[in-house]
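Source file: query18.pdb (PDB, C-alpha atoms and all ligand atoms)
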ATOM      1  CA  MET A  94      67.594  63.076   7.396  1.00  0.00           C
ATOM      2  CA  ASN A  95      69.601  59.929   6.670  1.00  0.00           C
ATOM      3  CA  THR A  96      70.092  58.551   3.165  1.00  0.00           C
ATOM      4  CA  LEU A  97      67.142  56.136   3.233  1.00  0.00           C
ATOM      5  CA  GLU A  98      64.857  58.867   4.548  1.00  0.00           C
ATOM      6  CA  SER A  99      66.038  61.250   1.815  1.00  0.00           C
ATOM      7  CA  ILE A 100      65.401  58.632  -0.868  1.00  0.00           C
ATOM      8  CA  HIS A 101      61.825  58.125   0.304  1.00  0.00           C
ATOM      9  CA  ALA A 102      61.146  61.831   0.883  1.00  0.00           C
ATOM     10  CA  ARG A 103      62.407  63.076  -2.505  1.00  0.00           C
ATOM     11  CA  HIS A 104      59.664  63.981  -4.924  1.00  0.00           C
ATOM     12  CA  SER A 105      59.247  66.239  -7.921  1.00  0.00           C
ATOM     13  CA  CYS A 106      58.366  69.855  -7.158  1.00  0.00           C
ATOM     14  CA  ARG A 107      56.569  71.765  -9.920  1.00  0.00           C
ATOM     15  CA  ALA A 108      55.863  75.060  -8.138  1.00  0.00           C
ATOM     16  CA  PHE A 109      58.683  76.913  -6.389  1.00  0.00           C
ATOM     17  CA  THR A 110      58.722  80.059  -4.274  1.00  0.00           C
ATOM     18  CA  ASN A 111      61.242  82.810  -5.034  1.00  0.00           C
ATOM     19  CA  GLN A 112      63.319  81.882  -1.995  1.00  0.00           C
ATOM     20  CA  LEU A 113      66.868  80.981  -2.933  1.00  0.00           C
ATOM     21  CA  PRO A 114      68.569  78.257  -0.853  1.00  0.00           C
ATOM     22  CA  SER A 115      71.567  79.550   1.095  1.00  0.00           C
ATOM     23  CA  ASN A 116      74.945  79.708  -0.539  1.00  0.00           C
ATOM     24  CA  GLU A 117      76.210  77.266   2.076  1.00  0.00           C
ATOM     25  CA  ASP A 118      73.533  74.715   1.135  1.00  0.00           C
ATOM     26  CA  LEU A 119      74.123  75.160  -2.600  1.00  0.00           C
ATOM     27  CA  GLN A 120      77.836  74.644  -2.074  1.00  0.00           C
ATOM     28  CA  ALA A 121      77.173  71.490  -0.043  1.00  0.00           C
ATOM     29  CA  ILE A 122      74.925  70.151  -2.823  1.00  0.00           C
ATOM     30  CA  ALA A 123      77.446  70.986  -5.564  1.00  0.00           C
ATOM     31  CA  ARG A 124      80.147  69.189  -3.559  1.00  0.00           C
ATOM     32  CA  ALA A 125      77.848  66.180  -3.089  1.00  0.00           C
ATOM     33  CA  ALA A 126      77.337  66.197  -6.862  1.00  0.00           C
ATOM     34  CA  ILE A 127      81.018  65.941  -7.709  1.00  0.00           C
ATOM     35  CA  ALA A 128      81.503  63.215  -5.083  1.00  0.00           C
ATOM     36  CA  ALA A 129      79.462  60.919  -7.382  1.00  0.00           C
ATOM     37  CA  PRO A 130      81.181  57.840  -8.782  1.00  0.00           C
ATOM     38  CA  SER A 131      81.819  57.680 -12.522  1.00  0.00           C
ATOM     39  CA  ALA A 132      83.011  54.984 -14.905  1.00  0.00           C
ATOM     40  CA  MET A 133      86.805  54.757 -14.694  1.00  0.00           C
ATOM     41  CA  ASN A 134      86.617  57.886 -12.536  1.00  0.00           C
ATOM     42  CA  ARG A 135      86.406  59.978 -15.704  1.00  0.00           C
ATOM     43  CA  GLN A 136      84.122  62.545 -14.066  1.00  0.00           C
ATOM     44  CA  PRO A 137      82.820  63.538 -17.515  1.00  0.00           C
ATOM     45  CA  TRP A 138      80.664  66.345 -16.204  1.00  0.00           C
ATOM     46  CA  GLN A 139      80.490  69.958 -15.133  1.00  0.00           C
ATOM     47  CA  VAL A 140      78.211  71.344 -12.436  1.00  0.00           C
ATOM     48  CA  ILE A 141      76.947  74.828 -13.218  1.00  0.00           C
ATOM     49  CA  VAL A 142      75.056  76.495 -10.383  1.00  0.00           C
ATOM     50  CA  LEU A 143      72.790  79.073 -11.991  1.00  0.00           C
ATOM     51  CA  THR A 144      70.958  81.586  -9.807  1.00  0.00           C
ATOM     52  CA  ASN A 145      70.747  84.451 -12.300  1.00  0.00           C
ATOM     53  CA  GLN A 146      66.978  84.916 -12.665  1.00  0.00           C
ATOM     54  CA  GLU A 147      67.256  86.801 -15.941  1.00  0.00           C
ATOM     55  CA  LEU A 148      69.234  84.011 -17.555  1.00  0.00           C
ATOM     56  CA  ILE A 149      66.909  81.321 -16.149  1.00  0.00           C
ATOM     57  CA  GLY A 150      64.041  83.298 -17.707  1.00  0.00           C
ATOM     58  CA  GLU A 151      65.820  83.464 -21.076  1.00  0.00           C
ATOM     59  CA  LEU A 152      66.512  79.722 -20.994  1.00  0.00           C
ATOM     60  CA  GLU A 153      62.881  79.042 -20.124  1.00  0.00           C
ATOM     61  CA  ALA A 154      61.523  81.237 -22.934  1.00  0.00           C
ATOM     62  CA  GLU A 155      63.844  79.599 -25.475  1.00  0.00           C
ATOM     63  CA  GLY A 156      62.951  76.096 -24.226  1.00  0.00           C
ATOM     64  CA  MET A 157      59.237  76.798 -24.528  1.00  0.00           C
ATOM     65  CA  LYS A 158      59.749  78.268 -28.004  1.00  0.00           C
ATOM     66  CA  ASN A 159      61.636  75.171 -29.149  1.00  0.00           C
ATOM     67  CA  LEU A 160      59.044  72.836 -27.625  1.00  0.00           C
ATOM     68  CA  ALA A 161      56.235  74.764 -29.353  1.00  0.00           C
ATOM     69  CA  ALA A 162      58.011  74.295 -32.686  1.00  0.00           C
ATOM     70  CA  LEU A 163      58.027  70.482 -32.422  1.00  0.00           C
ATOM     71  CA  PRO A 164      55.654  68.642 -34.788  1.00  0.00           C
ATOM     72  CA  ASP A 165      54.335  66.754 -31.755  1.00  0.00           C
ATOM     73  CA  LYS A 166      52.835  69.402 -29.475  1.00  0.00           C
ATOM     74  CA  SER A 167      52.016  67.042 -26.601  1.00  0.00           C
ATOM     75  CA  ILE A 168      54.942  68.016 -24.320  1.00  0.00           C
ATOM     76  CA  TYR A 169      54.372  71.720 -24.942  1.00  0.00           C
ATOM     77  CA  GLU A 170      50.671  71.340 -24.199  1.00  0.00           C
ATOM     78  CA  ARG A 171      51.393  69.336 -21.037  1.00  0.00           C
ATOM     79  CA  ILE A 172      53.581  72.146 -19.702  1.00  0.00           C
ATOM     80  CA  GLN A 173      50.995  74.741 -20.706  1.00  0.00           C
ATOM     81  CA  SER A 174      48.372  72.783 -18.766  1.00  0.00           C
ATOM     82  CA  ARG A 175      50.675  72.902 -15.726  1.00  0.00           C
ATOM     83  CA  GLY A 176      51.000  76.718 -15.888  1.00  0.00           C
ATOM     84  CA  GLY A 177      53.275  77.217 -18.878  1.00  0.00           C
ATOM     85  CA  ARG A 178      56.543  77.280 -16.928  1.00  0.00           C
ATOM     86  CA  LEU A 179      59.275  74.906 -18.046  1.00  0.00           C
ATOM     87  CA  TYR A 180      61.273  75.758 -14.893  1.00  0.00           C
ATOM     88  CA  TYR A 181      58.360  76.239 -12.510  1.00  0.00           C
ATOM     89  CA  ASN A 182      59.721  79.499 -11.033  1.00  0.00           C
ATOM     90  CA  ALA A 183      62.768  77.712  -9.592  1.00  0.00           C
ATOM     91  CA  PRO A 184      65.281  80.221  -8.167  1.00  0.00           C
ATOM     92  CA  CYS A 185      68.215  77.900  -8.870  1.00  0.00           C
ATOM     93  CA  MET A 186      69.176  75.431 -11.568  1.00  0.00           C
ATOM     94  CA  MET A 187      72.102  73.068 -11.489  1.00  0.00           C
ATOM     95  CA  LEU A 188      73.012  72.300 -15.072  1.00  0.00           C
ATOM     96  CA  ILE A 189      75.052  69.190 -15.803  1.00  0.00           C
ATOM     97  CA  PRO A 190      76.861  69.332 -19.115  1.00  0.00           C
ATOM     98  CA  VAL A 191      78.461  66.005 -20.060  1.00  0.00           C
ATOM     99  CA  LYS A 192      81.347  65.333 -22.343  1.00  0.00           C
ATOM    100  CA  SER A 193      79.438  63.319 -24.900  1.00  0.00           C
ATOM    101  CA  ALA A 194      75.738  62.856 -24.422  1.00  0.00           C
ATOM    102  CA  ASP A 195      75.912  59.883 -26.852  1.00  0.00           C
ATOM    103  CA  ASP A 196      78.084  57.707 -24.658  1.00  0.00           C
ATOM    104  CA  ARG A 197      76.183  55.214 -22.494  1.00  0.00           C
ATOM    105  CA  SER A 198      78.483  55.252 -19.473  1.00  0.00           C
ATOM    106  CA  GLU A 199      78.669  59.028 -19.534  1.00  0.00           C
ATOM    107  CA  LEU A 200      74.891  59.206 -19.500  1.00  0.00           C
ATOM    108  CA  LEU A 201      74.830  56.783 -16.564  1.00  0.00           C
ATOM    109  CA  ASP A 202      77.400  58.972 -14.801  1.00  0.00           C
ATOM    110  CA  CYS A 203      75.129  61.913 -15.507  1.00  0.00           C
ATOM    111  CA  GLY A 204      72.192  60.094 -13.898  1.00  0.00           C
ATOM    112  CA  ILE A 205      74.210  59.280 -10.794  1.00  0.00           C
ATOM    113  CA  ILE A 206      75.414  62.847 -10.257  1.00  0.00           C
ATOM    114  CA  THR A 207      71.818  63.985 -10.754  1.00  0.00           C
ATOM    115  CA  GLU A 208      70.566  61.731  -7.982  1.00  0.00           C
ATOM    116  CA  ASN A 209      73.369  62.933  -5.691  1.00  0.00           C
ATOM    117  CA  ILE A 210      72.061  66.461  -6.229  1.00  0.00           C
ATOM    118  CA  ALA A 211      68.430  65.507  -5.650  1.00  0.00           C
ATOM    119  CA  LEU A 212      69.111  63.442  -2.525  1.00  0.00           C
ATOM    120  CA  SER A 213      71.555  65.853  -0.899  1.00  0.00           C
ATOM    121  CA  ALA A 214      69.111  68.701  -1.536  1.00  0.00           C
ATOM    122  CA  THR A 215      66.264  66.679  -0.016  1.00  0.00           C
ATOM    123  CA  SER A 216      68.385  65.959   3.061  1.00  0.00           C
ATOM    124  CA  LEU A 217      68.759  69.731   3.506  1.00  0.00           C
ATOM    125  CA  GLY A 218      65.013  70.356   3.149  1.00  0.00           C
ATOM    126  CA  ILE A 219      65.363  71.729  -0.392  1.00  0.00           C
ATOM    127  CA  ASP A 220      62.865  70.701  -3.063  1.00  0.00           C
ATOM    128  CA  THR A 221      63.955  69.608  -6.517  1.00  0.00           C
ATOM    129  CA  LEU A 222      62.825  68.720  -9.993  1.00  0.00           C
ATOM    130  CA  ILE A 223      65.035  66.691 -12.293  1.00  0.00           C
ATOM    131  CA  CYS A 224      64.468  68.373 -15.643  1.00  0.00           C
ATOM    132  CA  GLY A 225      65.368  66.517 -18.813  1.00  0.00           C
ATOM    133  CA  LEU A 226      63.355  68.973 -20.887  1.00  0.00           C
ATOM    134  CA  ALA A 227      66.010  71.600 -20.112  1.00  0.00           C
ATOM    135  CA  ALA A 228      67.732  70.180 -23.204  1.00  0.00           C
ATOM    136  CA  PHE A 229      65.189  72.164 -25.258  1.00  0.00           C
ATOM    137  CA  SER A 230      66.713  75.420 -24.031  1.00  0.00           C
ATOM    138  CA  PHE A 231      69.807  74.417 -26.005  1.00  0.00           C
ATOM    139  CA  SER A 232      68.265  72.715 -29.046  1.00  0.00           C
ATOM    140  CA  GLY A 233      67.611  75.821 -31.130  1.00  0.00           C
ATOM    141  CA  GLU A 234      69.532  78.724 -32.576  1.00  0.00           C
ATOM    142  CA  LYS A 235      70.469  80.190 -29.174  1.00  0.00           C
ATOM    143  CA  GLY A 236      72.001  76.942 -27.934  1.00  0.00           C
ATOM    144  CA  VAL A 237      75.599  77.807 -28.804  1.00  0.00           C
ATOM    145  CA  SER A 238      75.456  81.242 -27.196  1.00  0.00           C
ATOM    146  CA  PHE A 239      73.794  79.860 -24.037  1.00  0.00           C
ATOM    147  CA  LYS A 240      76.530  77.229 -23.762  1.00  0.00           C
ATOM    148  CA  LYS A 241      79.121  79.979 -24.007  1.00  0.00           C
ATOM    149  CA  ARG A 242      77.411  82.216 -21.440  1.00  0.00           C
ATOM    150  CA  LEU A 243      77.082  79.278 -19.073  1.00  0.00           C
ATOM    151  CA  CYS A 244      80.763  78.332 -19.455  1.00  0.00           C
ATOM    152  CA  PHE A 245      80.184  74.888 -20.965  1.00  0.00           C
ATOM    153  CA  GLN A 246      83.552  73.350 -21.781  1.00  0.00           C
ATOM    154  CA  GLU A 247      84.374  72.624 -25.426  1.00  0.00           C
ATOM    155  CA  GLY A 248      82.625  69.452 -26.611  1.00  0.00           C
ATOM    156  CA  TYR A 249      80.172  69.360 -23.690  1.00  0.00           C
ATOM    157  CA  ASP A 250      76.396  69.202 -24.148  1.00  0.00           C
ATOM    158  CA  LEU A 251      73.673  69.473 -21.568  1.00  0.00           C
ATOM    159  CA  GLY A 252      73.042  66.081 -19.952  1.00  0.00           C
ATOM    160  CA  ILE A 253      70.367  67.193 -17.538  1.00  0.00           C
ATOM    161  CA  ALA A 254      69.386  69.977 -15.160  1.00  0.00           C
ATOM    162  CA  VAL A 255      68.036  69.909 -11.629  1.00  0.00           C
ATOM    163  CA  LEU A 256      65.786  72.703 -10.382  1.00  0.00           C
ATOM    164  CA  LEU A 257      66.193  73.626  -6.726  1.00  0.00           C
ATOM    165  CA  GLY A 258      64.274  75.751  -4.262  1.00  0.00           C
ATOM    166  CA  TYR A 259      61.350  75.548  -1.895  1.00  0.00           C
ATOM    167  CA  ALA A 260      57.906  74.251  -2.779  1.00  0.00           C
ATOM    168  CA  ALA A 261      55.142  76.839  -3.001  1.00  0.00           C
ATOM    169  CA  GLN A 262      52.822  74.297  -1.389  1.00  0.00           C
ATOM    170  CA  SER A 263      53.898  71.748   1.177  1.00  0.00           C
ATOM    171  CA  GLY A 264      52.742  68.143   1.152  1.00  0.00           C
ATOM    172  CA  GLY A 265      54.110  66.921  -2.182  1.00  0.00           C
ATOM    173  CA  THR A 266      54.599  63.178  -2.281  1.00  0.00           C
ATOM    174  CA  PRO A 267      56.760  60.873  -4.375  1.00  0.00           C
ATOM    175  CA  HIS A 268      55.305  58.450  -6.909  1.00  0.00           C
ATOM    176  CA  GLU A 269      53.961  55.177  -5.511  1.00  0.00           C
ATOM    177  CA  PRO A 270      56.819  52.654  -5.753  1.00  0.00           C
ATOM    178  CA  ASP A 271      55.805  49.507  -7.663  1.00  0.00           C
ATOM    179  CA  GLU A 272      56.819  46.553  -5.502  1.00  0.00           C
ATOM    180  CA  ASN A 273      56.385  44.248  -8.537  1.00  0.00           C
ATOM    181  CA  LYS A 274      59.618  45.676  -9.906  1.00  0.00           C
ATOM    182  CA  ILE A 275      61.519  43.712  -7.254  1.00  0.00           C
ATOM    183  CA  THR A 276      62.295  40.036  -7.888  1.00  0.00           C
ATOM    184  CA  TRP A 277      63.796  37.822  -5.212  1.00  0.00           C
ATOM    185  CA  ILE A 278      65.573  34.660  -6.302  1.00  0.00           C
ATOM    186  CA  ASP A 279      66.662  32.470  -3.377  1.00  0.00           C
TER     187      ASP A 279
HETATM  188  C1  LIG B   1      65.812  61.748 -16.222  1.00  0.00           C
HETATM  189  C2  LIG B   1      64.568  62.483 -15.752  1.00  0.00           C
HETATM  190  C3  LIG B   1      64.083  63.550 -16.465  1.00  0.00           C
HETATM  191  C4  LIG B   1      62.949  64.249 -16.023  1.00  0.00           C
HETATM  192  N1  LIG B   1      62.548  65.364 -16.695  1.00  0.00           N
HETATM  193  C5  LIG B   1      61.472  66.044 -16.253  1.00  0.00           C
HETATM  194  C6  LIG B   1      61.081  67.246 -16.896  1.00  0.00           C
HETATM  195  O1  LIG B   1      61.711  67.711 -17.843  1.00  0.00           O
HETATM  196  N2  LIG B   1      59.998  67.909 -16.419  1.00  0.00           N
HETATM  197  C7  LIG B   1      59.259  67.431 -15.355  1.00  0.00           C
HETATM  198  O2  LIG B   1      58.287  68.071 -14.975  1.00  0.00           O
HETATM  199  N3  LIG B   1      59.633  66.289 -14.716  1.00  0.00           N
HETATM  200  C8  LIG B   1      60.714  65.613 -15.120  1.00  0.00           C
HETATM  201  N4  LIG B   1      61.140  64.498 -14.446  1.00  0.00           N
HETATM  202  C9  LIG B   1      60.428  64.092 -13.221  1.00  0.00           C
HETATM  203  C10 LIG B   1      59.621  62.803 -13.394  1.00  0.00           C
HETATM  204  O3  LIG B   1      58.447  63.080 -14.118  1.00  0.00           O
HETATM  205  C11 LIG B   1      59.316  62.271 -11.979  1.00  0.00           C
HETATM  206  O4  LIG B   1      60.526  61.894 -11.361  1.00  0.00           O
HETATM  207  C12 LIG B   1      58.392  61.057 -12.003  1.00  0.00           C
HETATM  208  O5  LIG B   1      57.111  61.411 -12.464  1.00  0.00           O
HETATM  209  C13 LIG B   1      58.243  60.426 -10.596  1.00  0.00           C
HETATM  210  O6  LIG B   1      57.735  61.362  -9.667  1.00  0.00           O
HETATM  211  P1  LIG B   1      58.555  61.763  -8.360  1.00  0.00           P
HETATM  212  O7  LIG B   1      59.861  62.380  -8.812  1.00  0.00           O
HETATM  213  O8  LIG B   1      57.685  62.762  -7.653  1.00  0.00           O
HETATM  214  O9  LIG B   1      58.799  60.523  -7.563  1.00  0.00           O
HETATM  215  C14 LIG B   1      62.273  63.820 -14.859  1.00  0.00           C
HETATM  216  C15 LIG B   1      62.783  62.736 -14.127  1.00  0.00           C
HETATM  217  C16 LIG B   1      63.918  62.082 -14.554  1.00  0.00           C
HETATM  218  C17 LIG B   1      64.480  60.949 -13.723  1.00  0.00           C
END
Would you mind writing the file's structure down as structure tokens?
Ligand SMILES: Cc1cc2nc3c(=O)[nH]c(=O)nc-3n(C[C@H](O)[C@H](O)[C@H](O)COP(=O)(O)O)c2cc1C
Amino acid sequence: MNTLESIHARHSCRAFTNQLPSNEDLQAIARAAIAAPSAMNRQPWQVIVLTNQELIGELEAEGMKNLAALPDKSIYERIQSRGGRLYYNAPCMMLIPVKSADDRSELLDCGIITENIALSATSLGIDTLICGLAAFSFSGEKGVSFKKRLCFQEGYDLGIAVLLGYAAQSGGTPHEPDENKITWID
């Protein structure tokens, strides 16, 4: 699959099988991630490839607990209506801690590395879900200990996570692109 084909084939997967992508593929995706450009080449990220199912389960339980404790229950209820799984049974997560989640260019860098992961995975036939809600696994009392167990560097916070694996049902499609978002000025 070439780059344009990967861009148009990528879509969010919200039901994964237990099948773990090969180590070779995960290494290729992690290398594609760190090939991403960054402002002033600061590379203000880490890429943590997590395949430990027990730890993914702990992160998921903590994330759901923290979402349930929010005054606004709408996100929690949305996930419950989709089966109650924040991580949709994904066998692998790539977590992207960034140096300072408050800095605009570092957040842009985080977005670019995320898309490198999603597109390289798609090109290898691996399904993905970009998961901003993963931040809720770190927002409560267990956040510090999770960061330690996951080898976050000092001063790094979770920017985003990408779930990877194989879709339980084939045939998922991307959102319908809105052509009105494009303006031509000749
Ligand atoms: C920064 C970002 C964060 C996202 N976080 C979540 C998330 O936490 N959970 C989820 O189910 N989808 C999440 N998504 C997926 C979007 O909902 C999805 O990309 C969008 O609906 C378009 O659908 P598509 O990816 O199938 O084209 C996220 C996407 C982006 C770009």
Select the residues contacting ligand LIG 1 (chain B) at a distance of at most 6 Å, based on all atoms listed in the file, then format the selection as a compact mmCIF listing (two decimals) with C-alpha atoms, keeping the file's coordinate frame.
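Final file, out_7.txt:
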# COMPACT_ATOMS: atom_id res chain seq x y z
CA HIS A 104 59.66 63.98 -4.92
CA SER A 105 59.25 66.24 -7.92
CA ILE A 223 65.04 66.69 -12.29
CA CYS A 224 64.47 68.37 -15.64
CA GLY A 225 65.37 66.52 -18.81
CA LEU A 226 63.36 68.97 -20.89
CA PRO A 267 56.76 60.87 -4.38
CA HIS A 268 55.30 58.45 -6.91
For this session: Write out as a PyMOL selection string which residues come within 10 Å of Asp220 of chain A when counting all atoms listed in the file, dropping same-chain ones fewer than 4 positions away.
Result: chain A and resi 102-109+114+183+211-212+214-216+256-261+263+265
Exercise. Using only C-alpha atoms, which of A:Ile172, A:Leu201, A:Leu160, A:Leu148 sits nearest Ser238 of chain A?
Worked result: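 Result for the nearest residue to Ser238 of chain A: A:Leu148.
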Problem set entry | Point-to-point distance in Å for atom CA of Gly218 of chain A and atom CA of Lys274 of chain A |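 Between these atoms lies a distance of 28.4 Å.
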Problem set entry | Non-local contacts of segment 121-138 of chain A (8 Å; only C-alpha atoms; under 4 positions in same chain excluded) as a PyMOL selection string | chain A and resi 117+142+189-192+198-199+202-203+205-207+209-210+213-214
Counting only C-alpha atoms, which residues of segment 182-211 of chain A sit at most 10 Å from some atom of segment 149-153 of chain A, and what is each one's closest atom pair with its distance in Å to one decimal, listed by chain and rising residue number, as a Markdown table?
| residue | atom | partner | partner_atom | distance |
| --- | --- | --- | --- | --- |
| A:Asn182 | CA | A:Gly150 | CA | 8.8 |
| A:Ala183 | CA | A:Ile149 | CA | 8.6 |
| A:Pro184 | CA | A:Ile149 | CA | 8.2 |
| A:Cys185 | CA | A:Ile149 | CA | 8.1 |
| A:Met186 | CA | A:Ile149 | CA | 7.8 |
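Using all atoms listed in the file, the smallest distance between any of A:Gly252, A:Asn116, A:Thr266, A:Arg171 and Arg197 of chain A comes from A:Gly252.
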For this session: Could you please determine the separation between atom CA of Lys240 of chain A and atom CA of Ala154 of chain A in Å, to one decimal place?
Result: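 Computing it gives 15.6 Å between the two atoms.
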Problem set entry | For atom CA of Glu234 of chain A and atom CA of Ile141 of chain A, the interatomic separation in Å (one decimal) | 21.1 Å
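The nearest approach to Leu143 of chain A among the residues A:Leu200, A:Ala162, A:Ala228, A:Met187, with all atoms listed in the file taken into account, belongs to A:Met187.
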Translate the PyMOL selection byres (((chain A and resi 233) around 10) and not hetatm), as applied to the file shown, into an explicit residue set as an mmCIF file with C-alpha atoms, in the frame of the given file.
data_model
loop_
_atom_site.group_PDB
_atom_site.id
_atom_site.type_symbol
_atom_site.label_atom_id
_atom_site.label_comp_id
_atom_site.auth_asym_id
_atom_site.auth_seq_id
_atom_site.Cartn_x
_atom_site.Cartn_y
_atom_site.Cartn_z
ATOM 1 C CA GLU A 155 63.844 79.599 -25.475
ATOM 2 C CA GLY A 156 62.951 76.096 -24.226
ATOM 3 C CA LYS A 158 59.749 78.268 -28.004
ATOM 4 C CA ASN A 159 61.636 75.171 -29.149
ATOM 5 C CA LEU A 160 59.044 72.836 -27.625
ATOM 6 C CA ALA A 162 58.011 74.295 -32.686
ATOM 7 C CA ALA A 228 67.732 70.180 -23.204
ATOM 8 C CA PHE A 229 65.189 72.164 -25.258
ATOM 9 C CA SER A 230 66.713 75.420 -24.031
ATOM 10 C CA PHE A 231 69.807 74.417 -26.005
ATOM 11 C CA SER A 232 68.265 72.715 -29.046
ATOM 12 C CA GLU A 234 69.532 78.724 -32.576
ATOM 13 C CA LYS A 235 70.469 80.190 -29.174
ATOM 14 C CA GLY A 236 72.001 76.942 -27.934
ATOM 15 C CA VAL A 237 75.599 77.807 -28.804
#
With all atoms of segment 141-154 of chain A from the file as input, state the centre and edge lengths in Å to one decimal of the axis-aligned box that has 3 Å extra on each side, as JSON.
{"center_x": 69.2, "center_y": 80.8, "center_z": -16.4, "size_x": 21.4, "size_y": 18.0, "size_z": 19.1}
